[in-house]
Each structure stands twice: as structure tokens, then as C-alpha cells.
Amino acid sequence: MTTLLYVPGLLSDARVWREVAEGVGGGFVIADVTTQDSITAMAQSVLALAEGPVIPVGHSMGGRVSMEMARLAPARMAGLVLADTGHNALAEGERAKREAKVAEGNADMGAMVKAWLPPMVGASRHSDAALMGDLTEMSVACGPEVHARQIGALINRPDAGASLGGVTCPVLLLVGDEDVWSPEPQHREIAGMVSGPSDVVVVEGAGHFLPYEKPEAVIEAMTDWLAAQDLR
């Protein structure tokens with residue numbers, strides 16, 4: 001049996017993927033990537049959650065973990081789903097910006113999240129008090145230690161683009177059309193770099209937190225793709 005392994009992103013827990021995972025159905029596990037200190041360690045821990053063929057389903061940082069899983073265990077990859085993520089190595093000036101956010105979180109996690117979260121959500125959803133409140137509560141609850149550990153992992157992340165040519169399984173890329181952090185062109189780059197068949201689905205009215213903002217659209221896209229690739 002093929003297992004869907006859902007991987008949350010930065011300052012996220014199972015809530016990001018819960019509705020999607022239950023809606024898509026089949027055998028699945030939602031991973032916890034809050035305790036490991038590197039992208040590779042996260043990937044190894046998620047791979048250990050199931051035996052046999054798997055389909056990593058990663059959001060944001062979780063997409064980077066999923067690509068690392070494909071590098072570590074290519075023979076186990078039945079497919080790969082990447083949502084609102086990136087493939088590049090550390091950019092110039094990125095370390096300082098991320099370390100500044102860690103310092104802000106250490107000083108006042110609530111204030112850091114209040115400033116950090118809005119750009120991560122589609123502008124059209126900012127008026128949704130329930131959505132913004134839930135995401136704020138989740139991110140603050142992760143706490144400054146998890147935040148610092150995950151930022152450290154991202155700062156020291158591998159260059160995923162260097163290994164994408166070795167991905168031969170089918171790949172589905174999902175992105176919100178209002179995602180200003182990981183925009184559509186970035187996903188089309190990934191689609192062009194993998195060796196296997198790839199599909200890009202752009203969801204209207206969603207930002208970087210696509211799986212939580214528009215779970216119904218993600219369920220539909222994944223269900224259609226799994227059927228088309230004969231993975232169900």
C-alpha cells in the first residue's frame with residue numbers, strides 16, 4: 001500500500017494538512033517536523049513513519065523536506081506533491097533576515113507572528129477573522145524554540161534544485177495565486193527541473209497557506225491527480 005506522508009511547514013502543525021488528508025483519504029500520516037534541527041533529519045524521520053512506497057505531500061518548508069525525501073529514497077517515491085514551496089539554496093541576505101525574525105520571536109512570539117503571518121495569507125483572506133485567528137494561534141503555539149530550530153534548518157538547507165533531476169516519479173505542484181512568498185513561477189521552475197511527469201495547479205484566492213486557506217481546492221486537485229496517475 002502506498003502511504004501519503006503529509007509534511008507541515010514553518011510554524012505549523014497537523015492542522016495545516018488535517019482537512020486535506022481526511023478529504024483525500026487512503027492511508028496517510030501527518031508528520032511532526034518540530035523537533036529535528038535539519039531538513040535532512042526531518043526527511044529521515046518522515047521516511048521512517050511508513051514502510052514501502054510513499055507519496056510525500058509537503059507545504060512550504062515541508063516541500064523542501066519532501067524533496068529531500070525524494071533524494072534520500074528515490075526508489076520509494078510513488079509520487080510527490082509540493083505546495084507553496086521553493087527549491088533554491090540560501091539567497092544573499094537571507095540569513096540576516098531570518099536571524100532577525102528569530103530574535104523577534106525570542107523577544108515576543110506573539111508580536112513576531114502578528115507581523116509575519118499576513119504576507120503568508122492571501123490578501124483576500126485577511127478579513128477572515130476565524131482563519132487568521134486559527135493560523136495565529138497555531139504559529140504562536142509552536143513557540144520560539146521550535147521557530148529558531150526550524151529557521152536554523154532552513155538557513156542550512158540543501159540546494160534542492162541540485163537533486164531535482166533525479167526525481168522520476170510523477171510530481172504535482174500546487175500554489176495559491178496570491179502567494180507572494182513562493183509564487184507560481186517558482187513552481188513552474190521545479191516542474192521543468194524534474195525528470196518525471198509534472199503538473200502545476202494554481203488555486204485562485206489563496207496565498208502561501210494554501211492547504212489551510214483552500215482545502216477543498218487542494219483535495220480536488222490531489223484526488224484528480226492521484227486518479228490520473230493511477231496512484232489510487
# chains A, B, ... in the order shown; residues from 1 in each chain; ligands from 1
$ select_by_dssp --residues "stretch 2-169 of chain A" --states "alpha helix (DSSP H)" --output "ChimeraX atom specification"
/A:15-24,39-47,61-72,94-107,109-116,129-155
$ residues_around --residues "stretch 183-186 of chain A" --least-positions-apart "4" --cutoff "10 Å" --atoms "only C-alpha atoms" --output "MDAnalysis selection string"
chainID A and resid 84:88 173:179 190:191 200:203 207:208
$ write_last_selection --atoms "C-alpha atoms" --output "PDB file, in the first residue's frame"
ATOM      1  CA  ASP A  84       3.797  26.664  -1.984  1.00  0.00           C
ATOM      2  CA  THR A  85       7.470  25.836  -1.672  1.00  0.00           C
ATOM      3  CA  GLY A  86      10.881  26.612  -3.118  1.00  0.00           C
ATOM      4  CA  HIS A  87      13.974  24.815  -4.357  1.00  0.00           C
ATOM      5  CA  ASN A  88      16.791  27.363  -4.209  1.00  0.00           C
ATOM      6  CA  LEU A 173       2.825  21.293  -7.736  1.00  0.00           C
ATOM      7  CA  LEU A 174       0.167  23.401  -6.023  1.00  0.00           C
ATOM      8  CA  VAL A 175       0.322  27.155  -5.484  1.00  0.00           C
ATOM      9  CA  GLY A 176      -2.050  29.924  -4.479  1.00  0.00           C
ATOM     10  CA  ASP A 177      -2.317  32.734  -6.995  1.00  0.00           C
ATOM     11  CA  GLU A 178      -1.868  35.239  -4.137  1.00  0.00           C
ATOM     12  CA  ASP A 179       1.286  33.587  -2.767  1.00  0.00           C
ATOM     13  CA  ILE A 190      10.558  22.972 -10.302  1.00  0.00           C
ATOM     14  CA  ALA A 191       8.212  21.335 -12.821  1.00  0.00           C
ATOM     15  CA  VAL A 200       1.119  22.648 -11.872  1.00  0.00           C
ATOM     16  CA  VAL A 201      -2.223  23.694 -10.372  1.00  0.00           C
ATOM     17  CA  VAL A 202      -2.788  27.337  -9.459  1.00  0.00           C
ATOM     18  CA  VAL A 203      -5.582  27.944  -6.939  1.00  0.00           C
ATOM     19  CA  GLY A 207      -1.829  32.676  -0.522  1.00  0.00           C
ATOM     20  CA  HIS A 208       1.095  30.780   0.957  1.00  0.00           C
TER      21      HIS A 208
END
$ closest_residue --among "A:Ile39, A:Ala48, A:Leu80, A:Leu131" --to "A:Gln150" --atoms "only C-alpha atoms"
A:Ile39
$ residues_around --residues "A:Gly23" --least-positions-apart "4" --cutoff "10 Å" --atoms "only C-alpha atoms" --output "PyMOL selection string"
chain A and resi 17-19+215-216+218-220+222-223
$ closest_residue --among "A:Asp37, A:Glu137, A:Glu145, A:Glu68" --to "A:Gly105" --atoms "only C-alpha atoms"
A:Glu145
$ select_by_dssp --residues "stretch 39-166 of chain A" --states "strand (DSSP E or B)" --output "ChimeraX atom specification"
/A:54-59,77,80-83
$ atom_distance --atom1 "atom CA of A:Thr3" --atom2 "atom CA of A:Ser163"
22.7 Å
$ residues_around --residues "A:Val33" --least-positions-apart "6" --cutoff "8 Å" --atoms "only C-alpha atoms" --output "list in words"
Val7, Pro8 and Met42 of chain A
$ closest_residue --among "A:Trp116, A:Phe28, A:Phe209, A:Trp181" --to "A:Gly9" --atoms "only C-alpha atoms"
A:Phe209
$ closest_residue --among "A:Met132, A:Ile55, A:Ala91, A:Val46" --to "A:Met77" --atoms "only C-alpha atoms"
A:Ile55
$ atom_distance --atom1 "atom CA of A:Ala123" --atom2 "atom CA of A:Glu22"
26.8 Å
$ atom_distance --atom1 "atom CA of A:Asp13" --atom2 "atom CA of A:Ile30"
8.7 Å
$ residues_around --residues "A:Gly58" --least-positions-apart "5" --cutoff "7 Å" --atoms "only C-alpha atoms" --output "PyMOL selection string"
chain A and resi 6-8+63+66+81-83
$ decode --residues "stretch 22-123 of chain A" --atoms "C-alpha atoms" --output "PDB file, in the first residue's frame"
ATOM      1  CA  GLU A  22      -9.009  13.283   5.570  1.00  0.00           C
ATOM      2  CA  GLY A  23     -10.666  14.539   2.383  1.00  0.00           C
ATOM      3  CA  VAL A  24      -8.213  12.795   0.054  1.00  0.00           C
ATOM      4  CA  GLY A  25      -8.407   9.639   2.174  1.00  0.00           C
ATOM      5  CA  GLY A  26      -6.397   6.465   1.828  1.00  0.00           C
ATOM      6  CA  GLY A  27      -3.529   5.565   4.102  1.00  0.00           C
ATOM      7  CA  PHE A  28      -1.831   8.664   5.437  1.00  0.00           C
ATOM      8  CA  VAL A  29       0.330  10.049   8.231  1.00  0.00           C
ATOM      9  CA  ILE A  30       0.775  13.713   9.157  1.00  0.00           C
ATOM     10  CA  ALA A  31       4.361  14.217  10.251  1.00  0.00           C
ATOM     11  CA  ASP A  32       5.789  16.324  13.058  1.00  0.00           C
ATOM     12  CA  VAL A  33       8.872  18.286  11.989  1.00  0.00           C
ATOM     13  CA  THR A  34       9.239  20.473  15.079  1.00  0.00           C
ATOM     14  CA  THR A  35      11.970  18.520  16.879  1.00  0.00           C
ATOM     15  CA  GLN A  36      14.649  17.976  14.213  1.00  0.00           C
ATOM     16  CA  ASP A  37      17.389  20.519  13.518  1.00  0.00           C
ATOM     17  CA  SER A  38      17.978  19.972   9.788  1.00  0.00           C
ATOM     18  CA  ILE A  39      15.999  19.387   6.607  1.00  0.00           C
ATOM     19  CA  THR A  40      17.780  16.057   6.163  1.00  0.00           C
ATOM     20  CA  ALA A  41      16.936  14.914   9.707  1.00  0.00           C
ATOM     21  CA  MET A  42      13.318  15.905   9.100  1.00  0.00           C
ATOM     22  CA  ALA A  43      13.254  13.904   5.876  1.00  0.00           C
ATOM     23  CA  GLN A  44      14.744  10.840   7.552  1.00  0.00           C
ATOM     24  CA  SER A  45      12.219  10.983  10.387  1.00  0.00           C
ATOM     25  CA  VAL A  46       9.268  11.284   7.997  1.00  0.00           C
ATOM     26  CA  LEU A  47      10.516   8.399   5.838  1.00  0.00           C
ATOM     27  CA  ALA A  48      10.607   6.258   8.991  1.00  0.00           C
ATOM     28  CA  LEU A  49       6.869   6.764   9.540  1.00  0.00           C
ATOM     29  CA  ALA A  50       5.902   4.246   6.862  1.00  0.00           C
ATOM     30  CA  GLU A  51       7.227   1.241   5.007  1.00  0.00           C
ATOM     31  CA  GLY A  52       7.108   0.672   1.276  1.00  0.00           C
ATOM     32  CA  PRO A  53       6.092   3.190  -1.385  1.00  0.00           C
ATOM     33  CA  VAL A  54       5.181   6.693  -0.252  1.00  0.00           C
ATOM     34  CA  ILE A  55       3.920   9.985  -1.628  1.00  0.00           C
ATOM     35  CA  PRO A  56       5.351  12.915   0.349  1.00  0.00           C
ATOM     36  CA  VAL A  57       2.955  15.863   0.429  1.00  0.00           C
ATOM     37  CA  GLY A  58       4.834  18.917   1.640  1.00  0.00           C
ATOM     38  CA  HIS A  59       3.823  22.503   2.332  1.00  0.00           C
ATOM     39  CA  SER A  60       6.395  25.332   2.316  1.00  0.00           C
ATOM     40  CA  MET A  61       9.345  24.090   4.404  1.00  0.00           C
ATOM     41  CA  GLY A  62       7.617  20.713   4.257  1.00  0.00           C
ATOM     42  CA  GLY A  63       8.034  20.818   0.489  1.00  0.00           C
ATOM     43  CA  ARG A  64      11.771  21.118   0.953  1.00  0.00           C
ATOM     44  CA  VAL A  65      11.628  18.157   3.343  1.00  0.00           C
ATOM     45  CA  SER A  66       9.672  16.211   0.715  1.00  0.00           C
ATOM     46  CA  MET A  67      12.235  16.948  -1.988  1.00  0.00           C
ATOM     47  CA  GLU A  68      14.959  15.778   0.394  1.00  0.00           C
ATOM     48  CA  MET A  69      12.984  12.568   0.967  1.00  0.00           C
ATOM     49  CA  ALA A  70      12.977  12.018  -2.785  1.00  0.00           C
ATOM     50  CA  ARG A  71      16.752  12.484  -2.844  1.00  0.00           C
ATOM     51  CA  LEU A  72      17.328  10.107   0.073  1.00  0.00           C
ATOM     52  CA  ALA A  73      14.943   7.348  -1.023  1.00  0.00           C
ATOM     53  CA  PRO A  74      14.147   7.706  -4.742  1.00  0.00           C
ATOM     54  CA  ALA A  75      13.054   4.081  -5.102  1.00  0.00           C
ATOM     55  CA  ARG A  76      10.288   4.576  -2.525  1.00  0.00           C
ATOM     56  CA  MET A  77       8.718   7.569  -4.262  1.00  0.00           C
ATOM     57  CA  ALA A  78       5.402   6.683  -5.909  1.00  0.00           C
ATOM     58  CA  GLY A  79       4.725  10.393  -6.362  1.00  0.00           C
ATOM     59  CA  LEU A  80       5.478  13.805  -4.916  1.00  0.00           C
ATOM     60  CA  VAL A  81       3.157  16.688  -4.044  1.00  0.00           C
ATOM     61  CA  LEU A  82       4.704  20.105  -3.387  1.00  0.00           C
ATOM     62  CA  ALA A  83       2.615  23.052  -2.210  1.00  0.00           C
ATOM     63  CA  ASP A  84       3.797  26.664  -1.984  1.00  0.00           C
ATOM     64  CA  THR A  85       7.470  25.836  -1.672  1.00  0.00           C
ATOM     65  CA  GLY A  86      10.881  26.612  -3.118  1.00  0.00           C
ATOM     66  CA  HIS A  87      13.974  24.815  -4.357  1.00  0.00           C
ATOM     67  CA  ASN A  88      16.791  27.363  -4.209  1.00  0.00           C
ATOM     68  CA  ALA A  89      19.761  27.421  -1.860  1.00  0.00           C
ATOM     69  CA  LEU A  90      20.224  30.241   0.648  1.00  0.00           C
ATOM     70  CA  ALA A  91      19.955  33.621  -1.053  1.00  0.00           C
ATOM     71  CA  GLU A  92      22.202  36.613  -0.429  1.00  0.00           C
ATOM     72  CA  GLY A  93      20.976  38.499   2.624  1.00  0.00           C
ATOM     73  CA  GLU A  94      18.503  35.787   3.590  1.00  0.00           C
ATOM     74  CA  ARG A  95      20.418  34.613   6.670  1.00  0.00           C
ATOM     75  CA  ALA A  96      20.324  38.047   8.299  1.00  0.00           C
ATOM     76  CA  LYS A  97      16.604  38.462   7.654  1.00  0.00           C
ATOM     77  CA  ARG A  98      15.780  35.036   9.075  1.00  0.00           C
ATOM     78  CA  GLU A  99      18.013  35.528  12.117  1.00  0.00           C
ATOM     79  CA  ALA A 100      16.276  38.858  12.762  1.00  0.00           C
ATOM     80  CA  LYS A 101      12.940  37.031  12.829  1.00  0.00           C
ATOM     81  CA  VAL A 102      14.343  34.541  15.329  1.00  0.00           C
ATOM     82  CA  ALA A 103      15.399  37.429  17.566  1.00  0.00           C
ATOM     83  CA  GLU A 104      11.917  38.931  17.274  1.00  0.00           C
ATOM     84  CA  GLY A 105      10.342  35.593  18.187  1.00  0.00           C
ATOM     85  CA  ASN A 106      12.614  35.162  21.178  1.00  0.00           C
ATOM     86  CA  ALA A 107      11.615  38.610  22.421  1.00  0.00           C
ATOM     87  CA  ASP A 108       7.858  38.332  21.763  1.00  0.00           C
ATOM     88  CA  MET A 109       6.484  35.399  19.768  1.00  0.00           C
ATOM     89  CA  GLY A 110       3.022  36.903  19.516  1.00  0.00           C
ATOM     90  CA  ALA A 111       4.316  40.169  18.076  1.00  0.00           C
ATOM     91  CA  MET A 112       6.584  38.348  15.610  1.00  0.00           C
ATOM     92  CA  VAL A 113       3.700  36.200  14.317  1.00  0.00           C
ATOM     93  CA  LYS A 114       1.408  39.229  14.066  1.00  0.00           C
ATOM     94  CA  ALA A 115       3.871  40.841  11.651  1.00  0.00           C
ATOM     95  CA  TRP A 116       4.953  37.630   9.873  1.00  0.00           C
ATOM     96  CA  LEU A 117       1.595  35.982   9.183  1.00  0.00           C
ATOM     97  CA  PRO A 118      -0.380  38.422   6.973  1.00  0.00           C
ATOM     98  CA  PRO A 119       2.014  38.204   3.988  1.00  0.00           C
ATOM     99  CA  MET A 120       1.751  34.405   4.267  1.00  0.00           C
ATOM    100  CA  VAL A 121      -2.017  34.504   3.675  1.00  0.00           C
ATOM    101  CA  GLY A 122      -3.831  35.592   0.530  1.00  0.00           C
ATOM    102  CA  ALA A 123      -4.782  39.264   0.738  1.00  0.00           C
TER     103      ALA A 123
END
